[in-house]
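Structure file my_file-v7.txt (compact mmCIF, C-alpha atoms) follows.
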```txt
# COMPACT_ATOMS: atom_id res chain seq x y z
CA MET A 1 173.37 75.76 163.06
CA ALA A 2 170.67 76.40 165.63
CA ARG A 3 167.63 78.37 164.61
CA ILE A 4 164.75 80.08 166.37
CA LEU A 5 161.38 78.80 165.18
CA GLY A 6 159.27 81.36 166.98
CA GLY A 7 158.19 82.81 170.26
CA ILE A 8 155.21 82.24 172.51
CA THR A 9 153.99 84.46 175.28
CA THR A 10 151.48 83.74 177.99
CA SER A 11 150.43 84.94 181.38
CA HIS A 12 151.70 82.67 184.16
CA ILE A 13 149.03 83.18 186.81
CA PRO A 14 149.48 80.68 189.70
CA ALA A 15 145.75 79.86 189.76
CA VAL A 16 146.26 78.28 186.31
CA GLY A 17 148.35 75.57 187.97
CA ASN A 18 145.41 74.61 190.13
CA ALA A 19 142.95 74.89 187.23
CA ILE A 20 145.09 72.44 185.25
CA ALA A 21 145.40 70.09 188.22
CA ASN A 22 141.60 70.12 188.52
CA GLU A 23 141.04 69.93 184.71
CA LEU A 24 138.78 73.00 184.63
CA TYR A 25 139.24 73.44 180.85
CA ASP A 26 135.49 73.67 180.15
CA ASP A 27 134.55 75.53 183.31
CA PRO A 28 132.77 78.78 182.27
CA TYR A 29 135.30 80.92 184.13
CA TRP A 30 138.32 79.18 182.61
CA LYS A 31 137.17 78.27 179.09
CA PRO A 32 137.89 81.68 177.47
CA PHE A 33 141.43 81.39 178.83
CA PHE A 34 142.15 77.78 177.84
CA ASP A 35 140.64 78.38 174.38
CA GLY A 36 143.77 80.39 173.63
CA TYR A 37 146.02 77.32 173.52
CA PRO A 38 144.89 74.70 170.93
CA LYS A 39 146.59 76.57 168.06
CA VAL A 40 149.76 76.75 170.15
CA HIS A 41 149.57 72.97 170.71
CA ALA A 42 149.15 72.37 166.97
CA TRP A 43 152.12 74.60 166.14
CA ILE A 44 154.31 72.84 168.70
CA ARG A 45 153.20 69.45 167.35
CA ASP A 46 154.11 70.53 163.81
CA ASN A 47 157.44 72.12 164.74
CA LYS A 48 158.72 70.00 167.64
CA PRO A 49 161.35 72.33 169.13
CA ASP A 50 164.42 70.69 170.69
CA ILE A 51 165.09 73.49 173.15
CA VAL A 52 162.80 75.89 174.99
CA ILE A 53 164.27 79.13 176.33
CA ASN A 54 161.81 80.16 179.04
CA ILE A 55 162.08 83.86 179.91
CA TYR A 56 160.19 84.51 183.15
CA ASN A 57 160.47 86.49 186.35
CA ASP A 58 161.12 84.73 189.63
CA HIS A 59 158.63 85.65 192.38
CA GLY A 60 160.62 84.79 195.49
CA LEU A 61 161.52 81.13 195.08
CA GLY A 62 164.83 81.01 193.19
CA PHE A 63 166.04 84.40 194.40
CA PHE A 64 165.63 86.59 197.47
CA LEU A 65 166.49 90.24 198.06
CA ASP A 66 169.86 89.27 199.57
CA GLN A 67 171.22 88.68 196.06
CA MET A 68 169.00 89.83 193.25
CA PRO A 69 170.29 89.37 189.70
CA THR A 70 168.86 91.67 187.06
CA PHE A 71 169.30 88.95 184.42
CA ALA A 72 170.00 85.32 185.36
CA ILE A 73 170.49 82.34 183.04
CA GLY A 74 170.16 78.73 184.16
CA ALA A 75 173.02 76.37 183.32
CA ALA A 76 171.87 73.21 185.06
CA HIS A 77 171.16 69.63 184.04
CA GLU A 78 167.71 69.95 185.53
CA TYR A 79 165.48 72.54 187.13
CA ARG A 80 163.45 71.72 190.22
CA ASN A 81 160.00 73.11 190.83
CA GLU A 82 159.61 73.66 194.57
CA ASP A 83 157.05 74.61 197.19
CA GLU A 84 156.19 78.29 196.87
CA GLY A 85 154.28 78.43 200.11
CA TRP A 86 150.69 78.53 198.99
CA GLY A 87 149.78 75.13 197.76
CA ILE A 88 150.12 74.87 193.99
CA PRO A 89 151.10 71.34 192.97
CA GLU A 90 154.84 70.70 192.60
CA LEU A 91 155.99 69.14 189.34
CA ASP A 92 158.90 66.82 188.60
CA PRO A 93 162.19 68.42 187.47
CA PHE A 94 162.56 69.81 183.94
CA PRO A 95 165.59 68.56 182.00
CA GLY A 96 168.12 71.26 181.08
CA ALA A 97 170.60 71.82 178.26
CA PRO A 98 173.69 73.10 180.07
CA GLU A 99 175.98 72.95 177.03
CA VAL A 100 173.62 75.30 175.18
CA SER A 101 173.21 77.45 178.30
CA TRP A 102 176.97 77.97 178.58
CA HIS A 103 177.23 78.85 174.90
CA ILE A 104 174.52 81.47 175.41
CA ILE A 105 176.22 82.79 178.56
CA GLU A 106 179.57 83.08 176.74
CA SER A 107 177.95 84.89 173.84
CA MET A 108 175.84 87.22 176.00
CA VAL A 109 178.79 88.34 178.12
CA ALA A 110 180.95 88.80 175.01
CA ASP A 111 178.06 90.95 173.77
CA GLU A 112 178.34 93.01 176.99
CA PHE A 113 175.31 91.63 178.82
CA ASP A 114 176.76 90.80 182.22
CA ILE A 115 174.41 88.09 183.36
CA THR A 116 174.35 85.82 186.42
CA SER A 117 174.86 82.12 185.68
CA CYS A 118 172.99 79.57 187.81
CA GLN A 119 174.07 75.94 188.15
CA GLU A 120 171.17 75.41 190.52
CA LEU A 121 167.89 77.21 190.13
CA ALA A 122 164.52 76.39 191.63
CA VAL A 123 161.83 77.46 189.16
CA ASP A 124 158.47 78.83 190.25
CA HIS A 125 155.05 79.23 188.62
CA GLY A 126 156.44 81.85 186.25
CA PHE A 127 158.44 79.10 184.53
CA VAL A 128 156.24 76.08 185.20
CA VAL A 129 152.72 77.27 184.33
CA PRO A 130 153.62 78.20 180.73
CA MET A 131 155.30 74.80 180.27
CA GLN A 132 152.11 73.10 181.47
CA LEU A 133 150.00 75.25 179.16
CA PHE A 134 152.10 74.60 176.06
CA TRP A 135 153.16 70.98 176.74
CA PRO A 136 150.24 69.36 178.59
CA GLY A 137 151.51 66.91 181.18
CA ALA A 138 154.86 68.73 181.45
CA PRO A 139 157.53 67.74 182.14
CA HIS A 140 156.35 64.27 181.04
CA ASN A 141 154.96 65.32 177.66
CA PRO A 142 156.85 63.16 175.06
CA ASP A 143 157.62 66.31 173.04
CA MET A 144 158.97 68.25 176.04
CA PRO A 145 162.09 70.10 174.87
CA ARG A 146 165.10 70.57 177.12
CA ALA A 147 164.85 73.87 178.93
CA ILE A 148 166.95 76.97 179.54
CA PRO A 149 165.41 79.35 182.10
CA ILE A 150 166.17 83.05 181.95
CA SER A 151 164.87 85.16 184.82
CA ALA A 152 164.70 88.95 184.84
CA ASN A 153 164.15 91.00 187.97
CA THR A 154 160.74 92.63 188.31
CA VAL A 155 160.56 92.20 192.09
CA GLN A 156 162.62 95.22 193.06
CA HIS A 157 163.26 98.53 191.32
CA PRO A 158 165.36 99.46 189.45
CA ILE A 159 164.08 96.99 186.87
CA PRO A 160 165.50 96.88 183.34
CA THR A 161 164.22 99.39 180.78
CA LEU A 162 162.03 98.19 177.91
CA LYS A 163 164.85 99.01 175.51
CA ARG A 164 167.29 96.93 177.53
CA ALA A 165 164.84 94.04 177.53
CA LEU A 166 164.43 94.19 173.75
CA ASP A 167 168.20 94.50 173.28
CA PHE A 168 168.71 91.50 175.58
CA GLY A 169 166.51 89.51 173.24
CA LYS A 170 168.49 90.63 170.22
CA ALA A 171 171.72 89.51 171.88
CA LEU A 172 170.06 86.22 172.82
CA ARG A 173 169.17 85.74 169.14
CA ARG A 174 172.82 86.23 168.12
CA ALA A 175 173.84 83.74 170.80
CA VAL A 176 171.41 81.05 169.68
CA LEU A 177 172.07 81.48 165.94
CA SER A 178 175.81 81.05 166.54
CA TYR A 179 175.36 77.64 168.21
CA PRO A 180 177.06 75.14 165.89
CA GLU A 181 174.60 72.23 166.13
CA ASP A 182 171.29 71.93 164.33
CA LEU A 183 168.81 72.70 167.07
CA ASN A 184 165.30 74.07 166.78
CA VAL A 185 164.63 76.60 169.51
CA VAL A 186 161.44 78.22 170.77
CA VAL A 187 161.56 81.25 173.06
CA LEU A 188 158.90 81.92 175.69
CA GLY A 189 158.09 85.25 177.30
CA THR A 190 155.88 84.75 180.33
CA GLY A 191 153.93 87.03 182.64
CA GLY A 192 151.60 90.00 182.27
CA LEU A 193 149.56 91.52 180.98
CA SER A 194 148.19 94.39 183.10
CA HIS A 195 147.65 93.63 186.78
CA GLN A 196 148.39 95.00 190.22
CA LEU A 197 148.29 92.92 193.39
CA ASP A 198 149.38 95.45 196.00
CA GLY A 199 148.16 98.71 197.48
CA GLU A 200 144.92 100.65 197.30
CA ARG A 201 145.14 100.34 193.51
CA ALA A 202 145.04 96.52 193.68
CA GLY A 203 142.84 95.07 190.96
CA PHE A 204 143.88 97.65 188.37
CA ILE A 205 143.63 96.35 184.79
CA ASN A 206 144.13 98.37 181.59
CA ARG A 207 142.66 96.86 178.42
CA GLU A 208 143.53 99.83 176.23
CA PHE A 209 147.22 99.77 177.17
CA ASP A 210 147.41 95.98 176.81
CA GLN A 211 145.94 96.21 173.31
CA TYR A 212 148.49 98.89 172.42
CA CYS A 213 151.29 96.58 173.62
CA LEU A 214 149.86 93.54 171.80
CA GLU A 215 149.57 95.47 168.54
CA ASN A 216 153.03 96.93 168.63
CA ILE A 217 154.98 93.97 169.91
CA VAL A 218 154.19 92.02 166.76
CA SER A 219 155.52 94.40 164.11
CA ASN A 220 156.81 97.51 165.83
CA PRO A 221 158.46 96.59 169.13
CA GLU A 222 160.86 99.56 168.93
CA GLU A 223 157.85 101.82 169.50
CA LEU A 224 157.39 100.24 172.92
CA THR A 225 160.93 101.15 174.02
CA ARG A 226 159.65 104.73 174.38
CA ILE A 227 157.62 103.66 177.41
CA SER A 228 159.48 104.58 180.60
CA ARG A 229 159.57 102.15 183.51
CA MET A 230 157.43 104.39 185.70
CA GLU A 231 154.96 104.75 182.84
CA LEU A 232 154.87 100.97 182.59
CA VAL A 233 154.02 100.71 186.31
CA GLU A 234 151.37 103.40 185.91
CA LYS A 235 149.71 101.95 182.81
CA ALA A 236 150.23 98.20 183.23
CA GLY A 237 150.04 98.04 187.04
CA ALA A 238 152.81 97.29 189.50
CA GLN A 239 153.09 93.64 188.37
CA GLY A 240 152.31 94.45 184.74
CA THR A 241 156.04 95.19 184.53
CA GLU A 242 156.29 91.50 183.63
CA PHE A 243 155.72 92.74 180.09
CA LEU A 244 159.52 93.09 180.04
CA MET A 245 159.63 89.30 179.46
CA TRP A 246 157.57 89.72 176.32
CA MET A 247 160.03 92.37 175.11
CA MET A 248 162.98 90.05 175.75
CA MET A 249 161.28 87.27 173.79
CA ARG A 250 160.39 89.61 170.95
CA GLY A 251 163.98 90.77 170.56
CA ALA A 252 165.04 87.16 170.02
CA LEU A 253 162.72 86.67 167.04
CA GLY A 254 164.26 89.10 164.54
CA ASP A 255 162.33 91.52 162.34
CA ASP A 256 160.31 89.13 160.20
CA VAL A 257 157.56 87.39 162.16
CA THR A 258 154.08 86.08 161.42
CA GLU A 259 151.35 86.11 164.02
CA ILE A 260 149.84 82.61 164.32
CA THR A 261 147.42 83.14 167.19
CA ARG A 262 146.46 85.62 169.87
CA ASN A 263 144.15 85.53 172.87
CA TYR A 264 143.24 88.19 175.44
CA HIS A 265 140.85 87.78 178.34
CA ILE A 266 139.87 89.73 181.50
CA PRO A 267 140.06 88.61 184.24
CA ILE A 268 141.91 85.47 185.25
CA SER A 269 142.56 85.88 188.94
CA ASN A 270 143.63 89.56 189.22
CA THR A 271 145.14 89.65 185.74
CA ALA A 272 144.41 90.51 182.13
CA SER A 273 145.66 87.31 180.50
CA GLY A 274 147.35 87.38 177.13
CA THR A 275 148.73 84.75 174.78
CA LEU A 276 150.58 85.33 171.53
CA LEU A 277 152.39 82.99 169.13
CA LEU A 278 154.78 84.52 166.61
CA GLU A 279 156.54 82.41 164.00
CA CYS A 280 159.92 83.47 162.63
CA ALA A 281 160.55 83.59 158.89
CA ALA A 282 162.34 80.42 157.78
CA MET B 1 168.48 107.32 202.67
CA ASP B 2 168.34 110.22 200.23
CA GLN B 3 169.33 109.56 196.67
CA PRO B 4 169.20 112.94 195.01
CA GLY B 5 169.52 112.62 191.29
CA PHE B 6 168.31 109.06 191.19
CA ASP B 7 164.79 109.51 192.47
CA CYS B 8 163.03 109.22 189.13
CA HIS B 9 159.75 107.96 190.58
CA ILE B 10 156.43 109.49 189.76
CA ASP B 11 153.45 109.55 192.10
CA ILE B 12 151.03 106.76 191.20
CA PRO B 13 148.15 106.86 193.69
CA GLY B 14 147.67 103.62 195.61
CA THR B 15 151.00 102.25 194.38
CA THR B 16 154.27 101.84 196.27
CA ILE B 17 157.38 101.61 194.14
CA PHE B 18 159.39 98.84 195.79
CA ASP B 19 162.89 100.24 195.37
CA GLY B 20 166.12 100.16 197.34
CA LYS B 21 164.68 102.29 200.12
CA MET B 22 161.69 100.01 200.60
CA ALA B 23 163.85 96.90 200.19
CA MET B 24 166.06 98.07 203.06
CA LYS B 25 163.10 99.06 205.21
CA GLY B 26 161.28 95.77 204.71
CA TYR B 27 164.21 93.37 204.66
CA ALA B 28 163.39 91.51 207.91
CA LEU B 29 159.70 91.16 207.07
CA ASN B 30 160.41 89.98 203.54
CA LYS B 31 163.10 87.59 204.75
CA MET B 32 160.63 86.04 207.17
CA CYS B 33 158.05 85.69 204.40
CA TYR B 34 160.63 84.16 202.06
CA SER B 35 161.25 81.47 204.71
CA PHE B 36 157.61 80.40 204.29
CA ASN B 37 158.52 78.63 201.06
CA SER B 38 159.30 75.76 203.42
CA LYS B 39 156.47 73.94 205.19
CA VAL B 40 158.49 73.39 208.35
CA ASN B 41 158.84 77.17 208.66
CA ARG B 42 155.16 77.78 207.96
CA ASP B 43 154.32 75.34 210.74
CA ALA B 44 156.81 76.98 213.10
CA PHE B 45 155.24 80.39 212.46
CA ALA B 46 151.73 79.05 213.01
CA ALA B 47 152.82 77.46 216.30
CA ASP B 48 154.46 80.64 217.66
CA GLU B 49 153.92 83.81 215.63
CA GLU B 50 155.53 86.14 218.15
CA GLY B 51 158.62 84.02 218.63
CA TYR B 52 159.02 83.56 214.89
CA MET B 53 158.75 87.31 214.19
CA GLU B 54 161.26 87.99 216.96
CA ARG B 55 163.68 85.48 215.47
CA TYR B 56 163.63 87.35 212.15
CA GLY B 57 164.07 90.74 213.84
CA LEU B 58 160.85 92.41 212.68
CA ASN B 59 160.35 95.92 214.01
CA GLU B 60 157.19 96.96 215.90
CA ASP B 61 155.46 98.37 212.81
CA GLN B 62 156.05 95.13 210.97
CA LYS B 63 154.95 92.98 213.90
CA ASN B 64 151.76 95.01 214.37
CA ALA B 65 150.94 94.80 210.69
CA VAL B 66 151.29 91.00 210.83
CA ARG B 67 149.33 90.75 214.11
CA ASN B 68 146.50 92.80 212.58
CA ARG B 69 146.62 90.97 209.21
CA ASP B 70 146.89 94.49 207.77
CA ILE B 71 148.25 94.15 204.23
CA LEU B 72 148.54 97.90 203.57
CA ALA B 73 150.48 98.34 206.81
CA MET B 74 152.79 95.48 205.79
CA ILE B 75 153.47 97.25 202.50
CA ALA B 76 154.04 100.57 204.30
CA ALA B 77 156.53 98.76 206.55
CA GLY B 78 158.49 97.62 203.49
CA GLY B 79 156.73 94.38 202.62
CA ASN B 80 156.92 93.24 199.00
CA ILE B 81 153.75 91.62 197.69
CA TYR B 82 155.53 88.61 196.19
CA TYR B 83 156.85 87.63 199.63
CA LEU B 84 153.74 88.77 201.51
CA ALA B 85 151.76 86.38 199.30
CA LYS B 86 153.43 83.50 201.11
CA LEU B 87 152.25 84.90 204.45
CA ALA B 88 148.76 85.38 202.98
CA GLY B 89 148.86 81.69 202.09
CA ILE B 90 149.36 80.78 205.76
CA PHE B 91 146.33 82.94 206.59
CA LYS B 92 144.40 81.10 203.82
CA LEU B 93 143.81 84.34 201.92
CA SER B 94 143.42 84.24 198.13
CA VAL B 95 144.79 87.09 196.00
CA GLN B 96 141.19 88.30 195.67
CA ASP B 97 140.83 88.29 199.47
CA VAL B 98 144.06 90.28 199.66
CA GLY B 99 142.77 92.67 196.98
CA GLY B 100 139.54 93.20 198.91
CA LEU B 101 141.38 93.80 202.18
CA GLN B 102 143.49 96.52 200.57
CA THR B 103 140.66 98.27 198.76
CA GLY B 104 137.96 98.12 201.42
CA MET B 105 135.84 95.73 199.39
CA THR B 106 134.48 92.30 200.17
CA THR B 107 136.07 89.52 198.14
CA GLU B 108 132.93 89.31 196.00
CA GLU B 109 132.95 93.07 195.38
CA PHE B 110 136.61 92.88 194.42
CA LYS B 111 135.91 90.06 191.96
CA ASP B 112 133.09 92.14 190.46
CA TYR B 113 135.51 95.05 190.12
CA LEU B 114 137.97 92.85 188.21
CA GLN B 115 135.18 91.61 185.95
CA SER B 116 133.95 95.16 185.35
CA GLN B 117 137.21 95.97 183.55
CA ALA B 118 136.68 93.26 180.90
```
This structure in structure tokens:
Amino acid sequence: MARILGGITTSHIPAVGNAIANELYDDPYWKPFFDGYPKVHAWIRDNKPDIVINIYNDHGLGFFLDQMPTFAIGAAHEYRNEDEGWGIPELDPFPGAPEVSWHIIESMVADEFDITSCQELAVDHGFVVPMQLFWPGAPHNPDMPRAIPISANTVQHPIPTLKRALDFGKALRRAVLSYPEDLNVVVLGTGGLSHQLDGERAGFINREFDQYCLENIVSNPEELTRISRMELVEKAGAQGTEFLMWMMMRGALGDDVTEITRNYHIPISNTASGTLLLECAA
Amino acid sequence: MDQPGFDCHIDIPGTTIFDGKMAMKGYALNKMCYSFNSKVNRDAFAADEEGYMERYGLNEDQKNAVRNRDILAMIAAGGNIYYLAKLAGIFKLSVQDVGGLQTGMTTEEFKDYLQSQA
């Protein structure tokens, strides 16, 4: 049977793509950010997942406002990274795992999560940057797992509630654990933490709220479901709603997790960056 | 478009909740910006801004906001920052430039503001 090894979260700031392309790992601005990843690399090297479920939010590449799925799951043989309009390097396609995707889709819908299935899906920095951070050289890292993208809407309100996001993760866990083959799966939650790009409040960052979220998501994620969506916008910033991806990931890990590493740094671009690796009990 | 009973928004100063109302208001502007994922469209816009805006059916408020490079006016006209970012890319504006433009700071002052929250 398939099992979930753990979950990894990270911010997916586009500027990271350029920093990687220019190898700015030791640059004074970037070092505190990149220092958050060696323990993740070691864990991946030791655990070698077969499948990566990458939970991210599309930012206007794969989806437009004409048809905006609240939850979408990729079911393609490969996922293309395409031009987003402002010059971050495009990567080669990421190999998919459509047979696992369809199993998950079947299970999720049976579990009353009415998702959108995608046989073609262009993936943007929200998907790609975390892959590059965790598997250097992606998609050409020899340990690169096959990928299943899951995108949740944070572009347009109404966005899902924090409870719905956590429950989505729990249903995703049931779906993965019921897959009949022996596969080792890692789940990513990308985006966040606090940031706001738009309006007179642009540049807003909230360390105190981020720390509250980081503390609780490890061992008490249910506590965070009390946060309303408007409260999330207020306290995390308009784009800090990406924290929903972290909630979805957390739901997929079950109750018993061990924190392996954590990093938090202000600012990278306009964002409070956060990284967290949680390992599931065997 | 009134939606009594479903307007659960709270007032967050300096923040526009991009909901169905804003999505309807800004559809043409956002659709134009979405087209800028493609280089051929970015080049076409750069070659003839007025013609390109006309082709996407932008209203006068939206056109003026684009003409004036006025990010706050674009948002007021229904622009969504994720799509506007693609337009900002054509104008060679970084997200810190865009932050400064919206908050009345220089880019350097805006970067200092970000750093001050560490």
For segment 79-87 of chain B: contacts at 9 Å, all atoms listed in the file, fewer than 4 positions along chain excluded, given as an MDAnalysis selection string: (chainID A and resid 59:60 84:86 155:156 197:198) or (chainID B and resid 18 22:23 25:37 42 62 66 71:75 91:95 98)
Within 10 Å of chain B, which residues of chain A show up when using all atoms listed in the file, listed as a PyMOL selection string? chain A and resi 15+58-61+63-66+82-87+154-159+195-207+229-231+233-235+237-239+264-272
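Of note, atom CA of Trp102 of chain A and atom CA of Ile51 of chain A are spaced 13.8 Å apart.
Proximity to Leu133 of chain A was assessed for A:Val186, A:Leu166, A:Ala21, A:Ala171 counting only C-alpha atoms; the smallest distance is recorded for A:Ala21.
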